[in-house]
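Colleague: Input: one structure, supplied below.
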Amino acid sequence: MNRRWAGRWGGGLVGLAILALWAKVRVDGLSMDTQATNPLVRWEWVFLREETRAELWEATVQHLKLTFIAVGAGTAISAGLSALALRLRWAFAPITAVTGFLYTIPSVALFGVLRSRYGSFLAAEVALTSYTLLVLVRNMVAGIDGVPTSVTDAADGLGLSRTRRLLTVELPLALPVILAGIRVATVTTVGLVGITAIIQLGGLGQLIFDGYGTQFYTKIVVGSVLSVALAVVLDFAFNRLEVLCTPWARRAVT
Amino acid sequence: MSVLGGADEPTNVIEWFTDLENRDILRPIPEQAWLTIWHSAFALTMVVLLAVPLAALLAHHRKGELAASWIINIGRAVPTITIVGLLVIVSLRAGFGLEPWPIIIALVLLGLPPAFTNTYAAVRGVDPSAVGAARAMGLTHRQVMQRVELPLALPVILAGVRTAAVQIVATEPLAAFFGAEGLGAYLRAGLSRRDFVTVQGGALLVAGVAIATEVALMAAGRLLLPKGIRLNVRTSRADRHLRRDSAPATT
């Protein structure tokens, strides 16, 4: 709590407090029977209407559900693929080629094609999972390869078996890079889930489409702001997690 | 499924491609493809003209690092549909209509982060001893950038431009869901009518254009870059110890 801290953050906090006060005064002045002139944002729809909060919450939860199932499945599959690539060195290039090819297929196209065969949810999940594979495999392999050979030699010298070496030595050291990969995969998936609205899957993209279809611009703005906020919050959260998982880097003194 | 008896509806994708009369409400394939391609090409040109010089200048003079990292991080976090949706409504409300400017601006905003990121990282990461030697020889800043930094950074810059191009081409069909035309119109029409043959045909076209872009730019990179600075060159077994990405030997 020194003076520099107060200077940098204090100004921001004061500004934020003023903004919150202004917003509260503005919202208190609203009422549900304003004329429907369709401005860019109808604040009373956002704050005063009772069902709005539930709808927005439901859309966000749906969005998060789709994201985390895809990233979870992607991590599991990538773990298997990376283990394969680490054991059989020649397998790395084909695996990268295939996952890279999957990544190049435009999401709109993949959602459409899968939807024509399977149901909405399965189509979206398969597509979203395949988009995470490239980043995750690349980061997992790079992470475990990045462990210095001196460390792995020391582990072998201590008599650890290959599996124990992987679990207790290599994985913790590779964790920052792997978490960075999961972070990028999550943020990308949040963006792609917005596109699943084209196959009527809800989530925040559905808000955008509904707003566009009914010319109700407030929904578009709210949906956009929420999806950006979601992506930024998840990015920040994973960043903090990465810092948390590397206590040796934090303890390093200049 | 030709319940109607005659061959009125194409029953699989190959028939869909060859059957020309049935696409009554949608424009023919070459016209839609041309729309998509020229939107994307125009957006990519603007991206290259805007992002590459700016990022190179910022990286060379080591200025504006905070702003650069903001662009890099925010560009990755903003979802694509948000950009397209917001720009479409702003344009509609302001009376600018739908084609082509809101779409092109959205695509440019989408393609800026990858190109910017790669250029910035590449020029920043150029070997400082090369730059120092050039400055010591008396080259001005502009000459250093032109003759030393840009050629050395070119592989990564081209990779960034290629990433931006594929992203732009892959997102352009999304504009069709907001009322534009282009290859996405087939997907939009097919999904709303549950006409899955059209969806598959459209998806094949969209994916084909995206993959063709990636392959074409990769080939262009191979042709343009001299062998010495390409990113993955085959080295002989004897020279393996000279490769930049090999692990250092433990003494």
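Going by the structure tokens order, chains are called A, B, ..., each with residues numbered from 1, while ligands are numbered from 1 in the order shown.
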List the neighbours of Glu58 (chain A) out to 12 Å using only C-alpha atoms; skip same-chain residues closer than 3 positions along the sequence, and give me the result as a ChimeraX atom specification.
Modeller: /A:51-55,61-65,202-204,206-207
Colleague: Using only C-alpha atoms, which chain B residues lie at most 9 Å away from chain A, written as a PyMOL selection string?
Modeller: chain B and resi 74+76-83+85-86+88-90+93+166-167+169-171+173-174+177-178+184+187-188+190-191+194-197+199-208+210-211+214+247+250
Colleague: Mind pulling up the distance from CA of Tyr103 (chain A) to CA of Ala33 (chain B)?
Modeller: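 Value for the CA of Ala33 (chain B)-CA of Tyr103 (chain A) distance: 21.4 Å.
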Colleague: Which of these residues is nearest to Thr163 (chain A), using only C-alpha atoms: A:Leu102, A:Ala83, A:Val126, A:Leu133?
Modeller: A:Ala83
Colleague: Between A:Leu201, A:Trp9, A:Lys24, A:Thr67, single out the one closest to Gly119 (chain A), counting only C-alpha atoms.
Modeller: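 For Gly119 (chain A), the nearest of the given residues is A:Leu201.
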Colleague: What does the distance from CA of Ala153 (chain B) to CA of Ala122 (chain B) come to in Å, to one decimal?
Modeller: 5.1 Å
Colleague: I need the residues of region 44-211 of chain A that end up classed as alpha helix (DSSP H) by DSSP on the backbone, written out as a ChimeraX atom specification.
Modeller: /A:44-47,50-87,92-104,107-117,120-145,149-157,162-164,171-195,204-211
